[in-house]
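Down below is the structure, laid out as structure tokens.
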Amino acid sequence: MFFKTEDQKQVSRPAVRIATLGIATGLAVMLISVSVVVGFKRQVEKNIVGLSSHIQVTSYQSNYSYEMAAMDLPEQLPEQLKSVPGVRHVQRFSTKPGIIKTEDSFQTLVFKGFGPDFDWNFLERYLLEGNLPELNDNLPSTQVLLSAEIARRLKLTPGDKLLCYFTRDEQLYTRQWELCGTFDTHFAEFDKTFVLVDDRQIVRLNAWDSNQAGGLEIFVDDIRELPQVESDVYNLLFQTGNLSGNAYMVQSVYDLNPDLFGWLDLLDMNVWLILVLMIFVSGFNMISGLLILILERTNLIGMLKAMGADNVSVRKVFLYLSSFLIVRGMFWGNVIGLGLCSLQYYFRFLKLDPAVYYIDAVPVEINLGYVVLLNLGTLLASLLMILGPSALVARITPVKAIRFD
């Protein structure tokens, strides 16, 4: 009755299609926007944590410097930290600035020490050439892992020997090591800064004891529980430090990278702006379609009222029709939005510049909770926005409506 095609003057059919398309497009854009932003934040967070850790424990004397001060590591301390609820992994590390020199060039870098407890899962995914360093139980390894960008600048390939220069107490020390592999994490701040080397080499260069290191890196099971885990770790180290006479500094990944996480938080504002705009656009399309339906069916409204139908009953007819159109538009919006997100997730056809965005493709993460909330929010907002225009039915009188052409 509402969508007859034989009436050449009828305009409700294209109006209804436009309204349905508006709902579908708006919901699809909202689903894609939320999935991309959530996926982007999660991926960047994973990269930042994978390259450092969720929590770093160092000596207060390190003073935010790569030339770290020695921190005593009691043998039982890592196990005590692992017993903290939410802690997944604990590993020792140290850093020391140095220079790699070749025949044609040189590069100032930060050598980051790794031990037998180092978690290679993250870097293993970004290994380009060669292999990961091999550790020997008796002697420090002479193999180092370097980013592909630095290796290209220095014209080095896996298997090449390289000279490394360090200073301690105004004395110059030279070490000859071997490049075992190269990696590319797409995170320029890390790739252009760090070289991975056996932590025992740094201990020797600094003349530390075997039970000393630059600090500890702690990984948690869920980053959302990081504030609580950080508090528990701090309390444990405060008690341990008081007993052993050590002072530990505890910093979370948020403390170490405030600029990056501040930038990620700004993305939420963009998403909210997109959501508000799309809801208004979708609602405006539904309002326009409903008004066209009411005006085009004025004669029908008058006839229904003349036969005894009240305003509420006639109004419900148009509200039910609008609800049907909203649900149909939402169905196609979910198909389009989730379909495009799935294609990007599996085929990664939309690429990004890693130098700018820290990742090489647009990431998506389809969160079922967000999908349900977006659908409910779109449905509720659209229904609320058509309540006003549907009240126009009450202003139509039977006498004038039946004569209306």
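Simple scheme: letters A, B, ... for chains in structure tokens order, numbers from 1 for residues in each chain, numbers from 1 for ligands in the order shown.
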Inset, instruction - Show which residues sit within 10 Å of A:Ala381, as a VMD selection string. Count only C-alpha atoms, and ignore same-chain residues fewer than 6 positions away. - result: chain A and resid 279 to 280 282 to 283 375
Legend entry - Residues flagged strand (DSSP E) by DSSP in stretch 49-205 of chain A, as a ChimeraX atom specification: /A:55-59,71-72,87-101,106-114,127-130,143-147,161-168,171-183,194-198
Legend entry - Residue neighbourhood stretch 157-166 of chain A, 8 Å, only C-alpha atoms, exclusion window fewer than 3 positions, as JSON, numbers by chain: {"A": [97, 98, 99, 100, 101, 102, 129, 130, 151, 172, 173, 174, 175, 176, 177, 178, 179, 180, 181, 182, 205]}
For the interface of stretch 6-115 of chain A with stretch 243-261 of chain A (cut-off 10 Å, counting only C-alpha atoms), please tabulate each contacting residue of stretch 6-115 of chain A alongside its nearest pair of atoms and their separation in Å to one decimal, rows sorted by chain and increasing number, as a tab-separated table.
residue	atom	partner	partner_atom	distance
A:Lys41	CA	A:Phe261	CA	8.9
A:Val44	CA	A:Leu260	CA	9.0
A:Glu45	CA	A:Phe261	CA	8.3
A:Ile48	CA	A:Val253	CA	7.9
A:Val49	CA	A:Val253	CA	7.0
A:Ser52	CA	A:Val253	CA	7.9
A:Ser53	CA	A:Val253	CA	6.7
A:His54	CA	A:Val253	CA	5.0
A:Ile55	CA	A:Ser252	CA	4.3
A:Gln56	CA	A:Gln251	CA	5.3
A:Val57	CA	A:Val250	CA	4.7
A:Thr58	CA	A:Met249	CA	5.2
A:Ser59	CA	A:Tyr248	CA	5.1
A:Tyr60	CA	A:Met249	CA	5.5
A:Gln61	CA	A:Ala247	CA	8.9
A:Ser62	CA	A:Met249	CA	9.3
A:Asn63	CA	A:Met249	CA	9.7
A:Tyr64	CA	A:Leu256	CA	9.5
A:Met71	CA	A:Asn246	CA	8.1
A:Asp72	CA	A:Asn246	CA	7.5
A:Leu73	CA	A:Asn246	CA	9.6
A:Pro74	CA	A:Ser244	CA	8.8
Inset, instruction - Mind listing the alpha helix (DSSP H) residues of stretch 116-159 of chain A, per DSSP on the backbone, as a ChimeraX atom specification? - result: /A:121-125,148-154
Inset, instruction - Excluding stretch 191-196 of chain A and residues on its chain fewer than 6 positions from it, collect all residues at most 10 Å away from it, counting only C-alpha atoms, and give them as a ChimeraX atom specification. - result: /A:51,95-98,100,107-114,132-133,143-151,182-185
For the residues selected in the previous step, produce a file with N, CA and C atoms as a PDB file, in the first residue's frame.
ATOM      1  N   LEU A  51      58.255  -3.773  22.412  1.00  0.00           N
ATOM      2  CA  LEU A  51      59.607  -3.237  22.307  1.00  0.00           C
ATOM      3  C   LEU A  51      60.188  -2.852  23.653  1.00  0.00           C
ATOM      4  N   THR A  95      70.972  -1.126  29.412  1.00  0.00           N
ATOM      5  CA  THR A  95      71.249  -0.343  28.210  1.00  0.00           C
ATOM      6  C   THR A  95      72.572   0.406  28.386  1.00  0.00           C
ATOM      7  N   LYS A  96      73.246   0.617  27.256  1.00  0.00           N
ATOM      8  CA  LYS A  96      74.510   1.356  27.284  1.00  0.00           C
ATOM      9  C   LYS A  96      74.736   1.993  25.915  1.00  0.00           C
ATOM     10  N   PRO A  97      74.960   3.301  25.876  1.00  0.00           N
ATOM     11  CA  PRO A  97      75.246   3.951  24.588  1.00  0.00           C
ATOM     12  C   PRO A  97      76.588   3.499  24.037  1.00  0.00           C
ATOM     13  N   GLY A  98      76.679   3.450  22.720  1.00  0.00           N
ATOM     14  CA  GLY A  98      77.920   3.061  22.069  1.00  0.00           C
ATOM     15  C   GLY A  98      77.909   3.484  20.612  1.00  0.00           C
ATOM     16  N   ILE A 100      78.809   2.050  16.614  1.00  0.00           N
ATOM     17  CA  ILE A 100      79.200   1.009  15.661  1.00  0.00           C
ATOM     18  C   ILE A 100      79.928   1.690  14.511  1.00  0.00           C
ATOM     19  N   GLN A 107      77.695   4.868  13.454  1.00  0.00           N
ATOM     20  CA  GLN A 107      76.362   5.174  13.958  1.00  0.00           C
ATOM     21  C   GLN A 107      76.354   5.086  15.483  1.00  0.00           C
ATOM     22  N   THR A 108      75.834   6.138  16.120  1.00  0.00           N
ATOM     23  CA  THR A 108      75.666   6.123  17.572  1.00  0.00           C
ATOM     24  C   THR A 108      74.350   5.437  17.915  1.00  0.00           C
ATOM     25  N   LEU A 109      74.403   4.424  18.774  1.00  0.00           N
ATOM     26  CA  LEU A 109      73.226   3.624  19.090  1.00  0.00           C
ATOM     27  C   LEU A 109      73.201   3.310  20.582  1.00  0.00           C
ATOM     28  N   VAL A 110      72.084   2.715  20.999  1.00  0.00           N
ATOM     29  CA  VAL A 110      71.941   2.248  22.376  1.00  0.00           C
ATOM     30  C   VAL A 110      71.909   0.726  22.346  1.00  0.00           C
ATOM     31  N   PHE A 111      72.847   0.116  23.041  1.00  0.00           N
ATOM     32  CA  PHE A 111      72.914  -1.340  23.107  1.00  0.00           C
ATOM     33  C   PHE A 111      72.031  -1.800  24.267  1.00  0.00           C
ATOM     34  N   LYS A 112      71.044  -2.610  23.945  1.00  0.00           N
ATOM     35  CA  LYS A 112      70.123  -3.123  24.960  1.00  0.00           C
ATOM     36  C   LYS A 112      70.438  -4.586  25.228  1.00  0.00           C
ATOM     37  N   GLY A 113      70.673  -4.897  26.490  1.00  0.00           N
ATOM     38  CA  GLY A 113      71.053  -6.253  26.852  1.00  0.00           C
ATOM     39  C   GLY A 113      69.870  -7.172  27.063  1.00  0.00           C
ATOM     40  N   PHE A 114      70.011  -8.402  26.634  1.00  0.00           N
ATOM     41  CA  PHE A 114      68.992  -9.428  26.834  1.00  0.00           C
ATOM     42  C   PHE A 114      69.631 -10.617  27.534  1.00  0.00           C
ATOM     43  N   LEU A 132      67.961 -15.137  15.226  1.00  0.00           N
ATOM     44  CA  LEU A 132      68.069 -14.516  16.538  1.00  0.00           C
ATOM     45  C   LEU A 132      69.394 -14.903  17.192  1.00  0.00           C
ATOM     46  N   PRO A 133      69.896 -14.082  18.116  1.00  0.00           N
ATOM     47  CA  PRO A 133      71.171 -14.410  18.780  1.00  0.00           C
ATOM     48  C   PRO A 133      71.081 -15.716  19.563  1.00  0.00           C
ATOM     49  N   GLN A 143      77.064 -12.251  19.346  1.00  0.00           N
ATOM     50  CA  GLN A 143      76.124 -11.946  18.272  1.00  0.00           C
ATOM     51  C   GLN A 143      75.221 -10.782  18.677  1.00  0.00           C
ATOM     52  N   VAL A 144      74.913  -9.930  17.712  1.00  0.00           N
ATOM     53  CA  VAL A 144      74.024  -8.795  17.961  1.00  0.00           C
ATOM     54  C   VAL A 144      72.921  -8.794  16.907  1.00  0.00           C
ATOM     55  N   LEU A 145      71.799  -8.189  17.279  1.00  0.00           N
ATOM     56  CA  LEU A 145      70.643  -8.071  16.400  1.00  0.00           C
ATOM     57  C   LEU A 145      70.405  -6.590  16.132  1.00  0.00           C
ATOM     58  N   LEU A 146      70.328  -6.242  14.848  1.00  0.00           N
ATOM     59  CA  LEU A 146      70.302  -4.843  14.436  1.00  0.00           C
ATOM     60  C   LEU A 146      69.101  -4.602  13.527  1.00  0.00           C
ATOM     61  N   SER A 147      68.567  -3.380  13.510  1.00  0.00           N
ATOM     62  CA  SER A 147      67.450  -3.081  12.616  1.00  0.00           C
ATOM     63  C   SER A 147      67.940  -3.036  11.176  1.00  0.00           C
ATOM     64  N   ALA A 148      67.015  -3.343  10.259  1.00  0.00           N
ATOM     65  CA  ALA A 148      67.377  -3.360   8.843  1.00  0.00           C
ATOM     66  C   ALA A 148      67.777  -1.972   8.361  1.00  0.00           C
ATOM     67  N   GLU A 149      67.159  -0.923   8.921  1.00  0.00           N
ATOM     68  CA  GLU A 149      67.486   0.444   8.518  1.00  0.00           C
ATOM     69  C   GLU A 149      68.926   0.794   8.870  1.00  0.00           C
ATOM     70  N   ILE A 150      69.357   0.478  10.089  1.00  0.00           N
ATOM     71  CA  ILE A 150      70.731   0.772  10.498  1.00  0.00           C
ATOM     72  C   ILE A 150      71.717  -0.099   9.719  1.00  0.00           C
ATOM     73  N   ALA A 151      71.345  -1.360   9.509  1.00  0.00           N
ATOM     74  CA  ALA A 151      72.227  -2.250   8.738  1.00  0.00           C
ATOM     75  C   ALA A 151      72.411  -1.715   7.314  1.00  0.00           C
ATOM     76  N   THR A 182      68.708  -9.133  11.139  1.00  0.00           N
ATOM     77  CA  THR A 182      68.125  -7.792  11.088  1.00  0.00           C
ATOM     78  C   THR A 182      66.612  -7.896  11.239  1.00  0.00           C
ATOM     79  N   PHE A 183      66.023  -6.815  11.732  1.00  0.00           N
ATOM     80  CA  PHE A 183      64.574  -6.779  11.948  1.00  0.00           C
ATOM     81  C   PHE A 183      64.026  -5.422  11.521  1.00  0.00           C
ATOM     82  N   ASP A 184      62.718  -5.350  11.370  1.00  0.00           N
ATOM     83  CA  ASP A 184      62.041  -4.094  11.043  1.00  0.00           C
ATOM     84  C   ASP A 184      60.679  -4.113  11.744  1.00  0.00           C
ATOM     85  N   THR A 185      60.567  -3.386  12.851  1.00  0.00           N
ATOM     86  CA  THR A 185      59.319  -3.346  13.614  1.00  0.00           C
ATOM     87  C   THR A 185      58.388  -2.238  13.145  1.00  0.00           C
TER      88      THR A 185
END
Legend entry - Distance criterion (only C-alpha atoms): nearest to A:Gln239 out of A:Asn299, A:Phe219, A:Gln80, A:Glu124: A:Gln80
Go through stretch 14-123 of chain A residue by residue and, counting only C-alpha atoms, keep those with an atom at most 12 Å from stretch 359-370 of chain A; for each kept residue give the shortest atom pair and its distance in Å to one decimal, ordered by chain and increasing number, as JSON lines.
{"residue": "A:Met30", "atom": "CA", "partner": "A:Tyr370", "partner_atom": "CA", "distance": 10.2}
{"residue": "A:Leu31", "atom": "CA", "partner": "A:Tyr370", "partner_atom": "CA", "distance": 8.3}
{"residue": "A:Ile32", "atom": "CA", "partner": "A:Val364", "partner_atom": "CA", "distance": 8.1}
{"residue": "A:Ser33", "atom": "CA", "partner": "A:Val364", "partner_atom": "CA", "distance": 9.2}
{"residue": "A:Val34", "atom": "CA", "partner": "A:Tyr370", "partner_atom": "CA", "distance": 7.8}
{"residue": "A:Ser35", "atom": "CA", "partner": "A:Glu365", "partner_atom": "CA", "distance": 5.0}
{"residue": "A:Val36", "atom": "CA", "partner": "A:Val364", "partner_atom": "CA", "distance": 4.5}
{"residue": "A:Val37", "atom": "CA", "partner": "A:Val364", "partner_atom": "CA", "distance": 7.4}
{"residue": "A:Val38", "atom": "CA", "partner": "A:Glu365", "partner_atom": "CA", "distance": 6.1}
{"residue": "A:Gly39", "atom": "CA", "partner": "A:Val364", "partner_atom": "CA", "distance": 4.3}
{"residue": "A:Phe40", "atom": "CA", "partner": "A:Pro363", "partner_atom": "CA", "distance": 5.4}
{"residue": "A:Lys41", "atom": "CA", "partner": "A:Pro363", "partner_atom": "CA", "distance": 8.9}
{"residue": "A:Arg42", "atom": "CA", "partner": "A:Glu365", "partner_atom": "CA", "distance": 8.3}
{"residue": "A:Gln43", "atom": "CA", "partner": "A:Pro363", "partner_atom": "CA", "distance": 7.2}
{"residue": "A:Val44", "atom": "CA", "partner": "A:Ile359", "partner_atom": "CA", "distance": 7.6}
{"residue": "A:Glu45", "atom": "CA", "partner": "A:Ile359", "partner_atom": "CA", "distance": 11.2}
{"residue": "A:Lys46", "atom": "CA", "partner": "A:Ile359", "partner_atom": "CA", "distance": 11.0}
{"residue": "A:Asn47", "atom": "CA", "partner": "A:Ile359", "partner_atom": "CA", "distance": 8.9}
{"residue": "A:Ile48", "atom": "CA", "partner": "A:Ile359", "partner_atom": "CA", "distance": 11.4}
Legend entry - Residues near A:Thr20, cut-off 6 Å, only C-alpha atoms, skip fewer than 2 positions along chain, as a PyMOL selection string: chain A and resi 17-18+22-23+325+329
For the residues selected in the previous step, produce a file with N, CA and C atoms as a PDB file, in the first residue's frame.
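Output file out.pdb is given in full below:
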ATOM      1  N   ARG A  17      13.988   4.559   0.115  1.00  0.00           N
ATOM      2  CA  ARG A  17      15.275   3.949  -0.218  1.00  0.00           C
ATOM      3  C   ARG A  17      16.440   4.822   0.263  1.00  0.00           C
ATOM      4  N   ILE A  18      16.293   6.123   0.087  1.00  0.00           N
ATOM      5  CA  ILE A  18      17.339   7.030   0.542  1.00  0.00           C
ATOM      6  C   ILE A  18      17.477   6.979   2.060  1.00  0.00           C
ATOM      7  N   GLY A  22      20.662   5.796   4.055  1.00  0.00           N
ATOM      8  CA  GLY A  22      21.308   6.658   5.043  1.00  0.00           C
ATOM      9  C   GLY A  22      21.596   5.922   6.339  1.00  0.00           C
ATOM     10  N   ILE A  23      20.624   5.121   6.801  1.00  0.00           N
ATOM     11  CA  ILE A  23      20.833   4.330   8.015  1.00  0.00           C
ATOM     12  C   ILE A  23      21.966   3.323   7.796  1.00  0.00           C
ATOM     13  N   LEU A 325      11.925   0.110   8.495  1.00  0.00           N
ATOM     14  CA  LEU A 325      12.943   0.669   7.609  1.00  0.00           C
ATOM     15  C   LEU A 325      14.273   0.831   8.332  1.00  0.00           C
ATOM     16  N   GLY A 329      17.706  -0.999   7.294  1.00  0.00           N
ATOM     17  CA  GLY A 329      18.931  -0.250   7.042  1.00  0.00           C
ATOM     18  C   GLY A 329      20.070  -0.709   7.934  1.00  0.00           C
TER      19      GLY A 329
END
Inset, instruction - State, in Å with one decimal place, the distance from atom CA of A:Arg348 to atom CA of A:Trp120. - result: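 Computed distance, atom CA of A:Arg348 to atom CA of A:Trp120, equals 24.7 Å.
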Legend entry - For A:Leu379, the nearest of the candidates A:Glu67, A:Ser83, A:Ala24, A:Gln201, counting only C-alpha atoms: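 Checking each of A:Glu67, A:Ser83, A:Ala24, A:Gln201 against A:Leu379, counting only C-alpha atoms, the winner is A:Ala24.
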Inset, instruction - Pick out the closest residue to A:Asp169 from this set: A:Glu79, A:Phe93, A:Tyr126, A:Ala207. Count only C-alpha atoms. - result: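 The answer is A:Ala207, which sits nearest to A:Asp169.
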